[in-house]
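Trainee: Quick one, model.cif (mmCIF, C-alpha atoms):
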data_data
#
loop_
_atom_site.group_PDB
_atom_site.id
_atom_site.type_symbol
_atom_site.label_atom_id
_atom_site.label_comp_id
_atom_site.auth_asym_id
_atom_site.auth_seq_id
_atom_site.Cartn_x
_atom_site.Cartn_y
_atom_site.Cartn_z
ATOM 1 C CA MET A 17 88.586 115.426 121.004
ATOM 2 C CA SER A 18 88.078 119.098 120.261
ATOM 3 C CA LEU A 19 85.181 121.446 119.578
ATOM 4 C CA THR A 20 84.984 123.986 116.766
ATOM 5 C CA HIS A 21 83.896 127.615 117.033
ATOM 6 C CA ASN A 22 80.391 128.204 115.605
ATOM 7 C CA ALA A 23 79.834 124.500 114.903
ATOM 8 C CA ASP A 24 76.419 123.042 115.762
ATOM 9 C CA TYR A 25 76.212 119.964 117.992
ATOM 10 C CA ARG A 26 73.776 117.610 119.635
ATOM 11 C CA ILE A 27 74.802 116.044 122.945
ATOM 12 C CA ARG A 28 73.835 112.378 123.114
ATOM 13 C CA ASN A 29 73.800 109.910 125.990
ATOM 14 C CA LEU A 30 75.833 106.959 124.739
ATOM 15 C CA ALA A 31 73.815 104.431 126.718
ATOM 16 C CA TYR A 32 70.366 105.693 125.760
ATOM 17 C CA ALA A 33 68.737 107.151 122.658
ATOM 18 C CA LYS A 34 68.318 110.492 124.392
ATOM 19 C CA TYR A 35 69.663 113.973 123.696
ATOM 20 C CA ILE A 36 70.040 117.044 125.893
ATOM 21 C CA ARG A 37 67.735 120.057 125.606
ATOM 22 C CA GLY A 38 65.936 122.526 127.837
ATOM 23 C CA ASN A 39 62.543 121.613 129.250
ATOM 24 C CA GLY A 40 61.078 124.926 128.041
ATOM 25 C CA GLU A 41 59.754 125.846 131.476
ATOM 26 C CA SER A 42 60.870 128.396 134.041
ATOM 27 C CA PRO A 43 63.548 127.659 135.058
ATOM 28 C CA ASN A 44 64.517 126.209 131.662
ATOM 29 C CA VAL A 45 66.356 123.157 133.019
ATOM 30 C CA LEU A 46 68.620 121.037 130.798
ATOM 31 C CA GLY A 47 67.682 117.378 130.746
ATOM 32 C CA GLN A 48 67.572 114.308 128.525
ATOM 33 C CA TYR A 49 64.714 113.679 126.153
ATOM 34 C CA THR A 50 64.024 111.469 123.171
ATOM 35 C CA LEU A 51 65.139 113.273 120.039
ATOM 36 C CA ALA A 52 62.345 114.632 117.880
ATOM 37 C CA ALA A 53 63.344 114.692 114.217
ATOM 38 C CA GLY A 54 64.086 118.224 113.065
ATOM 39 C CA ASN A 55 63.579 119.777 116.513
ATOM 40 C CA ALA A 56 66.044 122.657 116.767
ATOM 41 C CA ASN A 57 65.826 122.595 120.571
ATOM 42 C CA PHE A 58 68.343 119.727 120.578
ATOM 43 C CA THR A 59 70.990 121.717 118.676
ATOM 44 C CA PHE A 60 73.610 123.828 120.449
ATOM 45 C CA THR A 61 76.203 126.119 118.886
ATOM 46 C CA ALA A 62 79.670 126.059 120.448
ATOM 47 C CA VAL A 63 80.821 129.686 120.750
ATOM 48 C CA GLU A 64 84.540 130.025 121.401
ATOM 49 C CA ILE A 65 85.791 132.487 124.014
ATOM 50 C CA TYR A 66 89.263 133.081 125.455
ATOM 51 C CA ILE A 67 89.873 134.007 129.078
ATOM 52 C CA GLY A 68 93.525 134.923 129.229
ATOM 53 C CA LEU A 69 95.234 132.168 127.243
ATOM 54 C CA ASP A 70 92.629 129.527 128.110
ATOM 55 C CA ARG A 71 90.064 128.449 125.525
ATOM 56 C CA TYR A 72 86.467 128.079 126.706
ATOM 57 C CA PHE A 73 83.113 127.540 125.004
ATOM 58 C CA LYS A 74 79.620 128.833 125.568
ATOM 59 C CA PHE A 75 76.800 126.555 124.425
ATOM 60 C CA LYS A 76 74.046 128.526 122.770
ATOM 61 C CA ASN A 77 70.517 127.457 121.847
ATOM 62 C CA GLY A 78 68.656 130.266 120.123
ATOM 63 C CA THR A 79 69.348 133.268 122.372
ATOM 64 C CA LYS A 80 69.927 131.169 125.516
ATOM 65 C CA TYR A 81 73.144 129.730 126.965
ATOM 66 C CA TRP A 82 74.038 126.822 129.233
ATOM 67 C CA THR A 83 74.302 128.356 132.699
ATOM 68 C CA VAL A 84 75.512 127.172 136.103
ATOM 69 C CA SER A 85 73.657 128.575 139.106
ATOM 70 C CA ALA A 86 75.196 131.400 141.159
ATOM 71 C CA THR A 87 75.832 128.914 143.974
ATOM 72 C CA ASN A 88 77.560 126.463 141.614
ATOM 73 C CA ASP A 89 75.182 123.625 142.379
ATOM 74 C CA GLY A 90 71.953 122.112 141.091
ATOM 75 C CA ALA A 91 70.894 121.651 137.492
ATOM 76 C CA LEU A 92 72.184 123.572 134.502
ATOM 77 C CA THR A 93 69.661 125.904 132.879
ATOM 78 C CA LEU A 94 69.321 127.882 129.671
ATOM 79 C CA GLU A 95 69.563 131.615 130.383
ATOM 80 C CA ASP A 96 70.163 134.921 128.617
ATOM 81 C CA LEU A 97 73.774 135.946 128.110
ATOM 82 C CA LEU A 98 75.120 137.030 131.484
ATOM 83 C CA ALA A 99 76.972 140.288 132.058
ATOM 84 C CA VAL A 100 80.748 140.525 132.032
ATOM 85 C CA SER A 101 80.552 142.887 135.023
ATOM 86 C CA GLY A 102 80.999 140.993 138.246
ATOM 87 C CA ASN A 103 82.221 138.014 136.197
ATOM 88 C CA ALA A 104 78.711 136.566 136.097
ATOM 89 C CA HIS A 105 79.384 135.378 132.541
ATOM 90 C CA LEU A 106 81.974 132.888 133.856
ATOM 91 C CA ARG A 107 79.048 130.654 134.819
ATOM 92 C CA GLN A 108 78.453 130.203 131.072
ATOM 93 C CA CYS A 109 82.061 129.369 130.117
ATOM 94 C CA PHE A 110 83.039 125.700 129.797
ATOM 95 C CA LYS A 111 86.333 123.998 129.011
ATOM 96 C CA LEU A 112 86.754 120.500 127.621
ATOM 97 C CA ILE A 113 88.982 118.548 130.038
ATOM 98 C CA GLN A 114 90.570 115.140 129.393
ATOM 99 C CA VAL A 115 90.253 113.365 132.732
ATOM 100 C CA SER A 116 91.742 110.076 131.504
ATOM 101 C CA GLN A 117 92.797 108.580 128.178
ATOM 102 C CA GLY A 118 89.922 109.202 125.767
ATOM 103 C CA VAL A 119 87.551 110.400 128.513
ATOM 104 C CA PHE A 120 86.503 114.062 128.469
ATOM 105 C CA MET A 121 84.334 116.170 130.750
ATOM 106 C CA LEU A 122 83.409 119.838 130.947
ATOM 107 C CA GLU A 123 84.827 122.218 133.532
ATOM 108 C CA VAL A 124 82.958 125.448 134.249
ATOM 109 C CA GLN A 125 85.167 128.517 134.676
ATOM 110 C CA SER A 126 83.263 129.772 137.720
ATOM 111 C CA LEU A 127 84.181 126.617 139.664
ATOM 112 C CA PRO A 128 87.770 125.458 139.015
ATOM 113 C CA ASN A 129 88.286 121.678 139.240
ATOM 114 C CA SER A 130 84.560 121.097 138.765
ATOM 115 C CA ARG A 131 83.234 118.536 136.315
ATOM 116 C CA VAL A 132 79.973 118.670 134.413
ATOM 117 C CA GLN A 133 78.474 115.197 134.425
ATOM 118 C CA LEU A 134 75.112 113.554 134.730
ATOM 119 C CA ALA A 135 73.544 111.967 137.801
ATOM 120 C CA GLY A 136 72.309 108.411 137.210
ATOM 121 C CA PRO A 137 70.462 106.152 136.846
ATOM 122 C CA LEU A 138 68.856 107.271 133.601
ATOM 123 C CA ASP A 139 65.698 105.217 133.233
ATOM 124 C CA LEU A 140 63.410 108.254 133.405
ATOM 125 C CA GLU A 141 63.048 111.361 131.258
ATOM 126 C CA GLY A 142 64.395 114.649 132.512
ATOM 127 C CA ARG A 143 67.350 113.660 134.677
ATOM 128 C CA TYR A 144 69.449 116.768 135.095
ATOM 129 C CA ILE A 145 73.003 117.556 134.176
ATOM 130 C CA GLN A 146 74.695 118.601 137.386
ATOM 131 C CA ILE A 147 78.018 119.927 138.608
ATOM 132 C CA PHE A 148 79.964 117.667 140.961
ATOM 133 C CA PRO A 149 83.386 118.377 142.468
ATOM 134 C CA ASN A 150 86.024 116.104 140.965
ATOM 135 C CA GLN A 151 86.535 114.322 144.276
ATOM 136 C CA VAL A 152 82.909 113.283 144.699
ATOM 137 C CA ASN A 153 82.285 109.601 144.005
ATOM 138 C CA HIS A 154 79.035 109.818 142.097
ATOM 139 C CA PRO A 155 77.620 107.734 139.216
ATOM 140 C CA SER A 156 78.012 109.338 135.819
ATOM 141 C CA GLU A 157 77.164 108.641 132.203
ATOM 142 C CA GLN A 158 79.096 109.162 128.996
ATOM 143 C CA PHE A 159 78.015 111.767 126.448
ATOM 144 C CA ALA A 160 79.040 112.457 122.886
ATOM 145 C CA PHE A 161 79.059 115.805 121.072
ATOM 146 C CA GLU A 162 77.580 114.927 117.675
ATOM 147 C CA LEU A 163 78.393 117.379 114.896
ATOM 148 C CA VAL A 164 75.277 118.679 113.163
ATOM 149 C CA GLY A 165 76.896 121.291 110.943
ATOM 150 C CA SER A 166 80.020 123.401 110.786
ATOM 151 C CA ALA A 167 81.492 126.114 108.623
ATOM 152 C CA ALA A 168 84.851 124.380 109.126
ATOM 153 C CA VAL A 169 85.660 121.602 106.658
ATOM 154 C CA VAL A 170 88.546 119.153 106.905
ATOM 155 C CA ASP A 171 91.227 119.791 104.283
ATOM 156 C CA THR A 172 90.595 117.569 101.268
ATOM 157 C CA PRO A 173 93.044 114.639 101.110
ATOM 158 C CA VAL A 174 94.770 113.733 97.853
ATOM 159 C CA ILE A 175 95.730 110.236 96.681
ATOM 160 C CA ARG A 176 99.107 110.446 94.956
ATOM 161 C CA LYS A 177 98.777 109.154 91.403
ATOM 162 C CA PRO A 178 99.273 106.795 89.728
ATOM 163 C CA VAL A 179 98.270 103.737 91.770
ATOM 164 C CA TYR A 180 99.273 100.501 90.030
ATOM 165 C CA SER A 181 97.728 97.060 90.352
ATOM 166 C CA ASP A 182 100.897 95.620 91.907
ATOM 167 C CA ASP A 183 101.341 98.408 94.513
ATOM 168 C CA ASP A 184 101.337 97.373 98.169
ATOM 169 C CA LYS A 185 100.775 100.883 99.541
ATOM 170 C CA ILE A 186 99.321 104.219 98.536
ATOM 171 C CA TYR A 187 100.302 107.725 99.643
ATOM 172 C CA VAL A 188 97.676 110.145 100.933
ATOM 173 C CA GLU A 189 98.763 113.784 100.802
ATOM 174 C CA ASN A 190 97.360 116.926 102.485
ATOM 175 C CA VAL A 191 96.176 115.263 105.716
ATOM 176 C CA GLU A 192 95.730 118.047 108.277
ATOM 177 C CA THR A 193 96.743 117.844 111.937
ATOM 178 C CA GLY A 194 94.360 115.725 114.015
ATOM 179 C CA ALA A 195 92.471 114.399 110.981
ATOM 180 C CA SER A 196 91.814 110.694 110.452
ATOM 181 C CA ILE A 197 91.460 109.051 107.052
ATOM 182 C CA GLN A 198 89.584 106.009 105.760
ATOM 183 C CA LEU A 199 90.339 104.333 102.429
ATOM 184 C CA TYR A 200 87.424 103.178 100.277
ATOM 185 C CA SER A 201 87.740 100.659 97.441
ATOM 186 C CA ASN A 202 84.727 100.722 95.107
ATOM 187 C CA ASP A 203 82.815 102.484 97.932
ATOM 188 C CA GLN A 204 83.644 99.764 100.486
ATOM 189 C CA ALA A 205 85.818 100.653 103.498
ATOM 190 C CA LEU A 206 89.230 99.016 103.117
ATOM 191 C CA GLY A 207 91.624 98.527 106.015
ATOM 192 C CA PRO A 208 92.009 100.454 109.281
ATOM 193 C CA GLN A 209 91.815 104.202 109.746
ATOM 194 C CA ARG A 210 94.958 106.321 109.998
ATOM 195 C CA THR A 211 95.397 109.564 111.985
ATOM 196 C CA ASN A 212 97.819 112.455 111.557
ATOM 197 C CA ASN A 213 99.174 112.943 115.082
ATOM 198 C CA THR A 214 101.896 115.388 114.013
ATOM 199 C CA ASP A 215 101.878 119.178 114.345
ATOM 200 C CA GLY A 216 101.368 119.911 110.667
ATOM 201 C CA THR A 217 99.854 118.748 107.401
ATOM 202 C CA THR A 218 101.524 115.548 106.274
ATOM 203 C CA THR A 219 101.468 112.576 103.874
ATOM 204 C CA LEU A 220 100.313 109.235 105.278
ATOM 205 C CA GLU A 221 101.091 105.785 103.888
ATOM 206 C CA VAL A 222 98.264 103.254 103.662
ATOM 207 C CA SER A 223 99.163 99.586 103.126
ATOM 208 C CA ILE A 224 97.029 97.714 100.599
ATOM 209 C CA SER A 225 96.920 94.356 98.907
ATOM 210 C CA PRO A 226 97.324 94.475 95.116
ATOM 211 C CA LEU A 227 94.046 95.647 93.578
ATOM 212 C CA PRO A 228 92.565 94.925 90.145
ATOM 213 C CA LYS A 229 92.936 97.439 87.340
ATOM 214 C CA GLY A 230 89.980 99.799 87.258
ATOM 215 C CA THR A 231 89.316 99.717 91.020
ATOM 216 C CA ASN A 232 88.003 103.089 92.245
ATOM 217 C CA LEU A 233 89.903 104.415 95.271
ATOM 218 C CA LYS A 234 88.980 107.401 97.406
ATOM 219 C CA ILE A 235 89.909 108.705 100.850
ATOM 220 C CA GLN A 236 87.585 110.354 103.368
ATOM 221 C CA ALA A 237 89.132 112.678 105.960
ATOM 222 C CA PHE A 238 87.268 113.486 109.171
ATOM 223 C CA LYS A 239 87.928 115.367 112.376
ATOM 224 C CA SER A 240 85.898 116.180 115.462
ATOM 225 C CA GLY A 241 84.069 119.493 115.032
ATOM 226 C CA GLU A 242 84.603 119.782 111.276
ATOM 227 C CA SER A 243 82.623 118.541 108.321
ATOM 228 C CA PRO A 244 84.358 115.636 106.522
ATOM 229 C CA SER A 245 85.820 115.825 103.031
ATOM 230 C CA THR A 246 86.517 113.219 100.362
ATOM 231 C CA SER A 247 89.327 113.009 97.822
ATOM 232 C CA ALA A 248 88.859 112.776 94.091
ATOM 233 C CA VAL A 249 88.452 109.195 92.849
ATOM 234 C CA VAL A 250 91.641 107.557 91.565
ATOM 235 C CA LYS A 251 91.446 104.470 89.369
ATOM 236 C CA VAL A 252 93.951 101.664 89.844
ATOM 237 C CA GLU A 253 96.089 101.327 86.723
ATOM 238 C CA GLU A 254 98.396 98.629 85.442
ATOM 239 C CA TYR A 255 101.880 99.716 84.462
ATOM 240 C CA VAL A 256 102.643 98.191 81.113
ATOM 241 C CA GLU A 257 105.458 98.362 78.627
ATOM 242 C CA ILE A 258 105.972 97.320 75.056
ATOM 243 C CA ILE A 259 108.664 94.655 75.054
ATOM 244 C CA ARG A 260 110.731 93.996 71.923
ATOM 245 C CA VAL A 261 111.133 90.229 71.537
ATOM 246 C CA ARG A 262 114.038 88.832 69.493
ATOM 247 C CA PRO A 263 113.228 85.219 68.612
ATOM 248 C CA PRO A 264 116.061 82.852 67.563
ATOM 249 C CA THR A 265 114.675 82.896 64.047
ATOM 250 C CA GLY A 266 112.194 85.036 62.215
ATOM 251 C CA SER A 267 111.285 88.711 62.521
ATOM 252 C CA VAL A 268 111.274 90.878 65.660
ATOM 253 C CA VAL A 269 107.851 90.978 67.348
ATOM 254 C CA TYR A 270 106.421 92.917 70.281
ATOM 255 C CA ASN A 271 104.657 91.983 73.512
ATOM 256 C CA VAL A 272 102.548 94.149 75.773
ATOM 257 C CA GLU A 273 103.305 93.158 79.387
ATOM 258 C CA ILE A 274 102.341 94.203 82.905
ATOM 259 C CA MET A 275 105.502 95.280 84.690
ATOM 260 C CA ASN A 276 106.597 95.123 88.328
ATOM 261 C CA VAL A 277 106.996 98.713 89.590
ATOM 262 C CA GLU A 278 110.140 98.777 91.734
ATOM 263 C CA SER A 279 110.355 102.499 92.500
ATOM 264 C CA GLY A 280 108.978 105.889 91.523
ATOM 265 C CA ASN A 281 105.507 107.294 91.890
ATOM 266 C CA THR A 282 104.869 109.068 88.592
ATOM 267 C CA ASN A 283 104.878 107.890 85.006
ATOM 268 C CA GLU A 284 107.995 109.974 84.445
ATOM 269 C CA ASN A 285 110.250 108.499 87.164
ATOM 270 C CA VAL A 286 108.966 104.943 87.493
ATOM 271 C CA VAL A 287 111.479 102.079 87.434
ATOM 272 C CA ALA A 288 109.957 98.722 86.478
ATOM 273 C CA ALA A 289 111.093 95.214 85.648
ATOM 274 C CA ARG A 290 109.521 92.234 83.891
ATOM 275 C CA PHE A 291 107.767 89.664 86.041
ATOM 276 C CA GLU A 292 109.107 86.140 86.053
ATOM 277 C CA PRO A 293 107.285 84.503 84.411
ATOM 278 C CA PRO A 294 106.155 87.494 82.310
ATOM 279 C CA LYS A 295 102.578 88.800 82.646
ATOM 280 C CA ILE A 296 101.742 89.046 78.946
ATOM 281 C CA LEU A 297 98.643 90.942 77.829
ATOM 282 C CA ALA A 298 99.312 90.619 74.086
ATOM 283 C CA SER A 299 102.090 88.807 72.226
ATOM 284 C CA ASN A 300 103.636 88.467 68.769
ATOM 285 C CA LEU A 301 102.471 91.887 67.605
ATOM 286 C CA ALA A 302 104.086 92.824 64.334
ATOM 287 C CA SER A 303 104.958 96.454 65.149
ATOM 288 C CA VAL A 304 105.223 99.094 67.854
ATOM 289 C CA ALA A 305 102.224 100.801 66.265
ATOM 290 C CA ALA A 306 100.140 97.646 66.712
ATOM 291 C CA ALA A 307 101.233 97.436 70.373
ATOM 292 C CA GLU A 308 100.387 101.100 70.986
ATOM 293 C CA ALA A 309 96.969 100.587 69.375
ATOM 294 C CA PHE A 310 96.354 97.701 71.815
ATOM 295 C CA LEU A 311 97.303 99.931 74.744
ATOM 296 C CA GLN A 312 95.028 102.726 73.612
ATOM 297 C CA SER A 313 92.047 100.471 73.004
ATOM 298 C CA ASN A 314 92.438 98.962 76.503
ATOM 299 C CA ASN A 315 92.956 102.320 78.260
ATOM 300 C CA TYR A 316 96.513 101.695 79.422
ATOM 301 C CA VAL A 317 98.548 104.740 80.322
ATOM 302 C CA LYS A 318 102.214 103.903 79.661
ATOM 303 C CA THR A 319 104.138 102.788 76.598
ATOM 304 C CA GLN A 320 107.858 102.205 76.487
ATOM 305 C CA PRO A 321 109.417 100.079 73.765
ATOM 306 C CA ASN A 322 112.537 98.212 74.998
#
Would you kindly transcribe this structure into structure tokens?
Mentor:
Amino acid sequence: MSLTHNADYRIRNLAYAKYIRGNGESPNVLGQYTLAAGNANFTFTAVEIYIGLDRYFKFKNGTKYWTVSATNDGALTLEDLLAVSGNAHLRQCFKLIQVSQGVFMLEVQSLPNSRVQLAGPLDLEGRYIQIFPNQVNHPSEQFAFELVGSAAVVDTPVIRKPVYSDDDKIYVENVETGASIQLYSNDQALGPQRTNNTDGTTTLEVSISPLPKGTNLKIQAFKSGESPSTSAVVKVEEYVEIIRVRPPTGSVVYNVEIMNVESGNTNENVVAARFEPPKILASNLASVAAAEAFLQSNNYVKTQPN
């Protein structure tokens, strides 16, 4: 999980339909309330800041920031931006810490080894987010940072063309580091998600079952803290060839057949063989021209007389 500079988030309790906002009083204490549609008080902007080489965030709502008290205890409040002098501003600097596999908490810079978590139980409105030392055995709840909007957009994935009806995998190019992808077939999610866990943009393979000609494929890429993006739609094609047939007697005729693609990923380098038994779309055509006319009228993309 990561946060993105200048992205807008809501912070949701995963067990309850409640979001975090200030109570609007003095002090302006952060607590959990039922989300009101369109209420900007639930939206926080993550503002990136570096202290030395360490990356921290300030959480801003309007002109106010999440703030830990000077004594590092009690509820968080929303306050004006604190001064750098005397390091007061460190009480507004938070770091996302992975405390166990897939579990993240916030550490405030003014109190190393602290964890921002919520006291439970949560059956009433207005329970406060509090700071507890990591060693304290205290009930806590899980929260999710929900992306509302971000200037950052995941790089758009690209499905390598062509995709043929007998393919058992597709190749998805331009998948950025940390991004996950989901394949959609005719707007229905198909198969599991894949994630690029490498240090750079890469191509991912996605296994598929053979799909009918004309199926619309697209890939959505998504990443925490960035707006998702979707590839251009690619239609599944059938690789066909014009096959010259030499009967024992009579004139040469031509078939149009679906071929088994053995290698290659473009129309220029594909290597294909006839199925056994052959998958014949049209047979006993009198000429190559007649076969090519059949291909054109049925929107096939490859001709190759043998």
Trainee: May I ask which of the residues A:Arg71, A:Lys177, A:Lys251, A:Lys185 is the closest one to A:Ile113, counting all atoms listed in the file?
Mentor: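 For A:Ile113, the nearest of the candidates is A:Arg71.
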Trainee: Given the file above and the PyMOL selection byres ((chain A and resi 86) around 9), which residues are selected, and can you give them as a PyMOL selection string?
Mentor: chain A and resi 84-85+87-89+104+107+126
Trainee: For the file shown, what are the residues hit by the PyMOL selection byres ((chain A and resi 64) around 8), laid out as an NGL selection string?
Mentor: :A and (20-22 or 62-63 or 65-66 or 71-74)
Trainee: For A:Pro228, list every protein, DNA or RNA residue within 9 Å, evaluated using all atoms listed in the file, and leave out those in the same chain fewer than 2 positions away; present the list as a PDB file with C-alpha atoms, in the frame of the given file.
Mentor:
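File selection.pdb, as written:
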ATOM      1  CA  TYR A 180      99.273 100.501  90.030  1.00  0.00           C
ATOM      2  CA  SER A 181      97.728  97.060  90.352  1.00  0.00           C
ATOM      3  CA  ASP A 182     100.897  95.620  91.907  1.00  0.00           C
ATOM      4  CA  PRO A 226      97.324  94.475  95.116  1.00  0.00           C
ATOM      5  CA  GLY A 230      89.980  99.799  87.258  1.00  0.00           C
ATOM      6  CA  THR A 231      89.316  99.717  91.020  1.00  0.00           C
ATOM      7  CA  VAL A 252      93.951 101.664  89.844  1.00  0.00           C
ATOM      8  CA  GLU A 253      96.089 101.327  86.723  1.00  0.00           C
ATOM      9  CA  GLU A 254      98.396  98.629  85.442  1.00  0.00           C
TER      10      GLU A 254
END
Trainee: Quick one: of A:Gly38, A:Ala305, A:Arg26, A:Val249, who's nearest to A:Pro178, counting only C-alpha atoms?
Mentor: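 Using only C-alpha atoms, the shortest distance to A:Pro178 belongs to A:Val249.
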Trainee: Draw an axis-aligned box tight on the listed atoms of stretch 64-70 of chain A, then pad every side by 8 Å and write out centre and edge lengths in Å to one decimal as AutoDock Vina command-line options.
Mentor:
--center_x 89.9 --center_y 132.2 --center_z 125.3 --size_x 26.7 --size_y 21.4 --size_z 23.8
Trainee: List the residues matched by the PyMOL selection byres ((chain A and resi 196-208) around 10) in the displayed structure as a PyMOL selection string, ordered by chain and then by residue number.
Mentor: chain A and resi 170+173+175+186+188+191-195+209-213+220+222-225+227+230-240+244-247+249-252
Trainee: Report, in Å to a single decimal, how far apart atom CA of A:Asn314 and atom CA of A:Asp184 are.
Mentor: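 These two atoms are separated by 23.5 Å.
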Trainee: For atom CA of A:Leu163 and atom CA of A:Tyr35, quote the distance in Å rounded to one decimal.
Mentor: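 Result for atom CA of A:Leu163 versus atom CA of A:Tyr35: 12.9 Å, one decimal.
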Trainee: Tell me, in Å to one decimal, how far atom CA of A:Asp215 is from atom CA of A:Thr61.
Mentor: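 Here the two named atoms are 27.0 Å from each other.
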Trainee: Smallest atom-to-atom distance to A:Ala91: which of A:Phe161, A:Pro43, A:Ala56, A:Ala168, using only C-alpha atoms?
Mentor: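 Checking each of A:Phe161, A:Pro43, A:Ala56, A:Ala168 against A:Ala91, counting only C-alpha atoms, the winner is A:Pro43.
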Trainee: Identify which of the residues A:Ser166, A:Ser243, A:Thr219, A:Thr79 lies closest to A:Leu97, counting all atoms listed in the file when measuring atom-to-atom distances.
Mentor: A:Thr79
